[in-house]
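Trainee: Coordinates in entry21.txt, compact mmCIF, C-alpha atoms, are listed below.
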# COMPACT_ATOMS: atom_id res chain seq x y z
CA MET A 1 -55.31 13.34 -0.77
CA ALA A 2 -57.02 16.68 -1.11
CA ALA A 3 -57.62 17.97 -4.59
CA PRO A 4 -54.99 20.51 -5.74
CA ARG A 5 -55.93 24.10 -5.09
CA ASN A 6 -56.82 26.36 -7.98
CA VAL A 7 -53.90 28.72 -7.67
CA THR A 8 -54.49 30.89 -10.72
CA ALA A 9 -58.24 31.32 -11.04
CA THR A 10 -58.57 34.51 -8.98
CA ARG A 11 -55.60 36.14 -10.61
CA ASP A 12 -56.85 35.21 -14.10
CA GLU A 13 -60.28 36.72 -13.38
CA GLU A 14 -58.64 39.96 -12.29
CA LYS A 15 -56.50 40.12 -15.43
CA GLY A 16 -59.25 39.26 -17.87
CA GLY A 17 -58.00 38.87 -21.40
CA GLU A 18 -54.68 40.67 -20.92
CA ASP A 19 -51.34 39.18 -21.90
CA ASP A 20 -50.08 37.07 -18.99
CA SER A 21 -46.43 36.83 -20.00
CA PRO A 22 -43.82 38.04 -17.49
CA SER A 23 -42.84 40.86 -19.81
CA ALA A 24 -46.40 42.16 -20.18
CA LYS A 25 -47.28 45.41 -18.46
CA LYS A 26 -48.65 44.75 -14.98
CA PRO A 27 -50.75 46.93 -12.70
CA LYS A 28 -48.61 48.73 -10.16
CA SER A 29 -49.53 46.29 -7.40
CA GLU A 30 -48.69 43.33 -9.66
CA ARG A 31 -45.24 44.38 -10.87
CA PHE A 32 -43.42 42.62 -8.03
CA PRO A 33 -45.39 39.68 -6.63
CA LEU A 34 -43.59 39.16 -3.31
CA ASN A 35 -44.68 41.07 -0.23
CA SER A 36 -42.18 42.46 2.27
CA TRP A 37 -42.11 39.30 4.41
CA GLU A 38 -41.60 36.98 1.43
CA PHE A 39 -38.88 39.20 0.00
CA ALA A 40 -37.13 39.28 3.38
CA VAL A 41 -37.23 35.46 3.58
CA ALA A 42 -35.79 35.11 0.07
CA LEU A 43 -33.07 37.63 0.84
CA SER A 44 -32.21 35.92 4.13
CA VAL A 45 -31.91 32.48 2.51
CA PHE A 46 -29.78 33.96 -0.27
CA PHE A 47 -27.54 35.64 2.30
CA VAL A 48 -27.07 32.39 4.27
CA PHE A 49 -26.18 30.42 1.12
CA SER A 50 -23.85 33.18 -0.09
CA THR A 51 -22.06 33.37 3.25
CA GLY A 52 -21.51 29.62 3.32
CA LEU A 53 -20.21 29.67 -0.25
CA PHE A 54 -17.86 32.56 0.53
CA CYS A 55 -16.46 30.73 3.58
CA ILE A 56 -15.77 27.67 1.43
CA TYR A 57 -13.94 29.78 -1.13
CA LEU A 58 -11.75 31.21 1.65
CA THR A 59 -10.34 27.72 2.26
CA MET A 60 -8.96 27.59 -1.28
CA PRO A 61 -5.30 28.46 -1.91
CA SER A 62 -4.74 31.95 -3.30
CA ALA A 63 -3.46 30.60 -6.62
CA ALA A 64 -6.84 28.97 -7.30
CA TYR A 65 -8.67 32.32 -7.30
CA THR A 66 -7.23 33.33 -10.67
CA ASN A 67 -9.86 33.08 -13.45
CA LEU A 68 -12.32 31.59 -10.95
CA THR A 69 -15.67 32.53 -12.50
CA ILE A 70 -18.95 30.87 -13.37
CA PRO A 71 -18.55 29.86 -17.04
CA ARG A 72 -21.00 31.36 -19.52
CA THR A 73 -19.52 30.03 -22.76
CA LEU A 74 -17.61 26.93 -23.83
CA SER A 75 -14.47 29.05 -24.13
CA ASP A 76 -14.86 30.12 -20.49
CA LEU A 77 -15.38 26.50 -19.52
CA ARG A 78 -12.25 25.28 -21.30
CA LEU A 79 -10.16 27.94 -19.55
CA LEU A 80 -11.71 27.06 -16.20
CA LYS A 81 -11.07 23.35 -16.76
CA GLU A 82 -7.40 23.97 -17.51
CA HIS A 83 -7.10 26.23 -14.50
CA LEU A 84 -8.79 23.87 -12.03
CA SER A 85 -7.49 20.49 -13.22
CA THR A 86 -4.35 20.65 -11.04
CA TYR A 87 -6.28 21.93 -8.03
CA ALA A 88 -8.89 19.18 -8.40
CA THR A 89 -6.13 16.57 -8.48
CA ASP A 90 -4.12 17.96 -5.56
CA HIS A 91 -7.08 18.91 -3.33
CA PRO A 92 -9.99 16.64 -4.37
CA ALA A 93 -12.04 17.03 -1.16
CA GLN A 94 -11.83 20.82 -1.16
CA PHE A 95 -12.58 21.01 -4.85
CA ILE A 96 -15.62 18.73 -4.62
CA LEU A 97 -16.95 20.73 -1.65
CA GLY A 98 -16.60 23.98 -3.60
CA TYR A 99 -18.04 22.45 -6.76
CA CYS A 100 -21.07 20.98 -4.99
CA SER A 101 -21.75 24.18 -3.06
CA THR A 102 -21.60 26.28 -6.23
CA TYR A 103 -23.83 23.90 -8.19
CA ILE A 104 -26.47 23.70 -5.44
CA PHE A 105 -26.38 27.48 -4.98
CA MET A 106 -26.97 28.04 -8.71
CA GLN A 107 -29.74 25.44 -8.83
CA THR A 108 -31.50 26.79 -5.75
CA PHE A 109 -31.58 30.39 -6.91
CA MET A 110 -32.19 29.68 -10.60
CA ILE A 111 -28.83 31.05 -11.77
CA PRO A 112 -28.14 29.99 -15.39
CA GLY A 113 -25.05 27.93 -16.14
CA THR A 114 -25.49 24.56 -14.43
CA ILE A 115 -25.10 22.82 -17.79
CA PHE A 116 -21.50 24.11 -17.90
CA MET A 117 -20.97 22.78 -14.39
CA SER A 118 -22.17 19.37 -15.58
CA LEU A 119 -19.78 19.47 -18.53
CA LEU A 120 -16.98 20.40 -16.12
CA ALA A 121 -17.75 17.34 -13.98
CA GLY A 122 -17.31 15.09 -17.01
CA ALA A 123 -14.10 16.82 -18.07
CA LEU A 124 -12.50 16.53 -14.61
CA PHE A 125 -13.94 13.32 -13.14
CA GLY A 126 -15.00 11.05 -15.99
CA VAL A 127 -18.37 9.47 -16.64
CA VAL A 128 -19.16 7.50 -13.46
CA ARG A 129 -18.01 10.01 -10.84
CA GLY A 130 -19.23 12.85 -13.01
CA ILE A 131 -22.78 11.44 -13.19
CA LEU A 132 -22.84 10.80 -9.45
CA LEU A 133 -21.77 14.38 -8.78
CA VAL A 134 -24.20 15.94 -11.23
CA VAL A 135 -27.22 13.88 -10.14
CA PHE A 136 -26.46 14.51 -6.46
CA ASN A 137 -26.04 18.26 -6.92
CA ALA A 138 -28.98 18.67 -9.28
CA THR A 139 -31.22 16.75 -6.87
CA ALA A 140 -29.99 18.70 -3.84
CA GLY A 141 -30.46 22.01 -5.66
CA ALA A 142 -33.91 21.02 -6.92
CA THR A 143 -34.87 20.01 -3.37
CA SER A 144 -33.75 23.38 -1.98
CA CYS A 145 -35.67 25.15 -4.74
CA PHE A 146 -38.75 22.99 -4.00
CA PHE A 147 -38.86 23.98 -0.31
CA LEU A 148 -38.03 27.61 -1.00
CA SER A 149 -40.91 27.74 -3.49
CA LYS A 150 -43.17 25.97 -0.99
CA LEU A 151 -42.41 28.77 1.44
CA ILE A 152 -42.67 31.86 -0.78
CA GLY A 153 -42.95 30.76 -4.41
CA ARG A 154 -46.70 30.74 -5.03
CA PRO A 155 -47.13 34.43 -5.96
CA LEU A 156 -43.93 34.46 -8.01
CA VAL A 157 -44.78 31.42 -10.14
CA SER A 158 -48.39 32.55 -10.59
CA TRP A 159 -47.10 35.92 -11.77
CA MET A 160 -44.43 34.64 -14.13
CA TRP A 161 -46.09 31.59 -15.72
CA PRO A 162 -49.88 31.66 -15.14
CA GLU A 163 -50.79 29.69 -18.29
CA LYS A 164 -48.05 27.12 -17.82
CA LEU A 165 -48.98 26.72 -14.15
CA ARG A 166 -52.64 26.19 -15.07
CA PHE A 167 -51.64 23.50 -17.59
CA PHE A 168 -49.33 21.79 -15.08
CA GLN A 169 -51.99 21.84 -12.38
CA ALA A 170 -54.54 20.23 -14.70
CA GLU A 171 -52.11 17.52 -15.80
CA ILE A 172 -51.14 16.70 -12.22
CA ALA A 173 -54.81 16.46 -11.22
CA LYS A 174 -55.51 13.96 -14.02
CA ARG A 175 -52.55 11.73 -13.11
CA ARG A 176 -52.69 11.53 -9.33
CA ASP A 177 -52.79 7.72 -9.31
CA LYS A 178 -49.67 7.41 -11.52
CA LEU A 179 -47.97 10.65 -10.60
CA LEU A 180 -44.46 9.21 -10.33
CA ASN A 181 -44.60 8.00 -13.93
CA TYR A 182 -45.71 11.41 -15.16
CA MET A 183 -43.04 13.25 -13.15
CA LEU A 184 -40.41 10.86 -14.51
CA PHE A 185 -41.58 11.67 -18.04
CA LEU A 186 -41.24 15.40 -17.36
CA ARG A 187 -37.76 14.99 -15.87
CA ILE A 188 -36.46 12.80 -18.67
CA THR A 189 -37.85 14.81 -21.56
CA PRO A 190 -37.62 18.58 -22.21
CA THR A 191 -41.42 18.91 -22.16
CA LEU A 192 -41.29 21.43 -19.31
CA PRO A 193 -38.17 23.24 -18.06
CA ASN A 194 -36.63 21.76 -14.91
CA LEU A 195 -36.65 25.21 -13.36
CA PHE A 196 -40.42 25.44 -13.72
CA ILE A 197 -40.90 21.90 -12.37
CA ASN A 198 -38.81 22.72 -9.28
CA LEU A 199 -40.79 25.86 -8.54
CA ALA A 200 -44.29 24.73 -9.48
CA SER A 201 -44.36 21.23 -7.98
CA PRO A 202 -45.01 22.28 -4.36
CA ILE A 203 -47.62 24.78 -5.54
CA VAL A 204 -49.72 22.09 -7.29
CA ASP A 205 -49.28 19.69 -4.35
CA VAL A 206 -46.81 17.20 -5.81
CA PRO A 207 -45.72 15.13 -2.79
CA PHE A 208 -42.05 15.59 -1.98
CA HIS A 209 -41.19 11.88 -2.07
CA ILE A 210 -42.52 11.64 -5.64
CA PHE A 211 -40.71 14.84 -6.62
CA PHE A 212 -37.48 13.52 -5.11
CA LEU A 213 -37.62 10.06 -6.72
CA ALA A 214 -38.54 11.48 -10.12
CA THR A 215 -35.64 13.94 -9.88
CA VAL A 216 -33.02 11.38 -8.84
CA ILE A 217 -34.01 8.84 -11.50
CA GLY A 218 -35.22 11.15 -14.23
CA LEU A 219 -32.09 13.30 -14.38
CA ILE A 220 -29.77 10.35 -15.03
CA PRO A 221 -30.21 10.15 -18.86
CA ALA A 222 -29.62 13.88 -19.47
CA SER A 223 -26.75 13.89 -16.95
CA TYR A 224 -25.09 11.02 -18.79
CA ILE A 225 -25.33 12.89 -22.10
CA THR A 226 -23.86 16.08 -20.63
CA VAL A 227 -21.13 14.43 -18.57
CA ARG A 228 -20.04 12.25 -21.48
CA ALA A 229 -19.84 15.33 -23.70
CA GLY A 230 -17.52 16.86 -21.11
CA LEU A 231 -14.93 14.17 -21.87
CA ALA A 232 -14.54 15.67 -25.36
CA LEU A 233 -14.85 19.28 -24.29
CA GLY A 234 -12.33 20.43 -26.87
CA ASP A 235 -14.42 19.03 -29.72
CA LEU A 236 -17.71 20.53 -28.57
CA LYS A 237 -18.64 23.53 -30.72
CA SER A 238 -21.92 24.56 -29.12
CA VAL A 239 -24.11 23.63 -26.16
CA LYS A 240 -26.90 23.10 -28.67
CA ASP A 241 -24.94 20.14 -30.07
CA LEU A 242 -25.67 18.25 -26.84
CA TYR A 243 -29.32 17.82 -27.75
CA ASP A 244 -29.57 17.09 -31.43
CA PHE A 245 -32.54 15.30 -32.99
CA LYS A 246 -31.15 11.83 -32.26
CA THR A 247 -30.53 12.64 -28.58
CA LEU A 248 -33.98 14.18 -28.14
CA ALA A 249 -35.57 11.14 -29.81
CA VAL A 250 -33.81 8.82 -27.35
CA LEU A 251 -34.91 10.94 -24.36
CA PHE A 252 -38.53 10.97 -25.53
CA LEU A 253 -38.39 7.21 -26.09
CA ILE A 254 -37.18 6.68 -22.52
CA GLY A 255 -39.82 9.12 -21.31
CA PHE A 256 -42.53 7.27 -23.23
CA VAL A 257 -41.50 4.01 -21.57
CA SER A 258 -41.77 5.67 -18.15
CA ILE A 259 -45.32 6.91 -18.83
CA CYS A 260 -46.59 3.68 -20.44
CA PRO A 261 -48.26 2.39 -17.23
CA THR A 262 -50.37 5.54 -17.11
CA LEU A 263 -51.43 5.22 -20.74
CA LEU A 264 -52.25 1.51 -20.38
CA LYS A 265 -54.35 2.10 -17.27
CA ARG A 266 -56.28 4.87 -19.03
CA LYS A 267 -56.95 2.53 -21.94
CA ARG A 268 -58.31 -0.14 -19.60
CA VAL A 269 -60.57 2.39 -17.93
CA TYR A 270 -62.01 3.48 -21.28
CA GLU A 271 -62.60 -0.14 -22.26
Now, as a test, write the supplied structure out as structure tokens.
Mentor:
Amino acid sequence: MAAPRNVTATRDEEKGGEDDSPSAKKPKSERFPLNSWEFAVALSVFFVFSTGLFCIYLTMPSAAYTNLTIPRTLSDLRLLKEHLSTYATDHPAQFILGYCSTYIFMQTFMIPGTIFMSLLAGALFGVVRGILLVVFNATAGATSCFFLSKLIGRPLVSWMWPEKLRFFQAEIAKRRDKLLNYMLFLRITPTLPNLFINLASPIVDVPFHIFFLATVIGLIPASYITVRAGLALGDLKSVKDLYDFKTLAVLFLIGFVSICPTLLKRKRVYE
């Protein structure tokens, strides 16, 4: 396999020692990284997804439209759960289609709030079906985001996270022979945000089959935690309570187990 391309070197040389955060002041030509063609592609994909989502919503009975919003707080989520529980029971196929479409849409276009959708799956469907739904939707959304980024994401990611992208590129280059283990570690633990992994993976030449397997398997532990918390939605005081010290320790332990083969091979090489 060809060595990963250096996607940030030229841009870094042009910027010199300036602050590379997204909020830093950019030259006029750097303020929006997408050219006209890339912006048109992004807008077209967004329009197609939005149209499909709107058509699905049109199939819902008029009574279900009341209070139908993307939840932003636990209070919003509790109201939405009470509102949709009857609809989900009476029209399970329609509800699941609408739920999956919304989740994938949010995941593809980096819209915050998928954690509330995962909690909702636990509250309405229980642990087993909830995990299946969340893992399926998170993987499908991550896959859509992966290919969208492969098409037009390079300038956007390089503009928003140049330092983080450089770090990720270097780590991927060092772990090519055990890349699945490393990607599993990243998916299981909160070392890097899933959003960044979805966008940056095609840019640093992570093969899709490795990205896909790591996503399907690596999202299961966090999905279990979130879906299970949805069963006791009324007792949950804050989203931050989902990932306390004990939970994070367990996730890092699982992640360490997944990356052990890489560490052991490196030790043998040094010996």
Trainee: Give me, please, the distance in Å between atom CA of A:Thr189 and atom CA of A:Tyr99, quoted to one decimal.
Mentor: 25.9 Å
Trainee: Could you name the residues that touch A:Ala222 at 12 Å or less, counting all atoms listed in the file, but leaving out those on the same chain fewer than 5 positions away, as a ChimeraX atom specification?
Mentor: /A:115,118-119,131,134-135,138,186-190,194,215-217,227-229,242-243,247-248,250-252,254-255
Trainee: A:Ile56, A:Leu151, A:Ala142, A:Leu184: which is nearest A:Thr108, counting all atoms listed in the file?
Mentor: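 Of the candidates, the smallest distance to A:Thr108 is held by A:Ala142.
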Trainee: Which residue, A:Ile152, A:Leu79, A:Cys260, A:Met160, has the smallest gap to A:Glu38 when you use all atoms listed in the file?
Mentor: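 Among the listed residues, A:Ile152 lies closest to A:Glu38.
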Trainee: Please, what distance in Å, to one decimal, runs between atom CA of A:Phe196 and atom CA of A:Leu165?
Mentor: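 Between atom CA of A:Phe196 and atom CA of A:Leu165 the gap works out to 8.7 Å.
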Trainee: For atom CA of A:Met106 and atom CA of A:Val128, determine how far apart the two atoms are, in Å to one decimal place.
Mentor: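 Pair atom CA of A:Met106 / atom CA of A:Val128 returns 22.5 Å.
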Trainee: Using all atoms listed in the file, can you tell me which of A:Thr73, A:Ser158, A:Thr86, A:Ser223 comes closest to A:Gly122?
Mentor: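 Of A:Thr73, A:Ser158, A:Thr86, A:Ser223, the one nearest A:Gly122 is A:Ser223, counting all atoms listed in the file.
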Trainee: In the coordinates of the file, take the point (-45.6, 24.0, -13.4) and a cut-off of 10 Å; then, counting only C-alpha atoms, name each qualifying protein, DNA or RNA residue as a ChimeraX atom specification.
Mentor: /A:157-158,161-172,192-204
Trainee: Smallest atom-to-atom distance to A:Thr139: which of A:Leu179, A:Val257, A:Ile104, A:Cys55, using all atoms listed in the file?
Mentor: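 Checking each candidate against A:Thr139, we get A:Ile104 as the closest.
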Trainee: Between A:Ile111, A:Ala214, A:Leu53, A:Leu34, which is the closest to A:Thr143 once you count all atoms listed in the file?
Mentor: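 Of the candidates, the smallest distance to A:Thr143 is held by A:Ala214.
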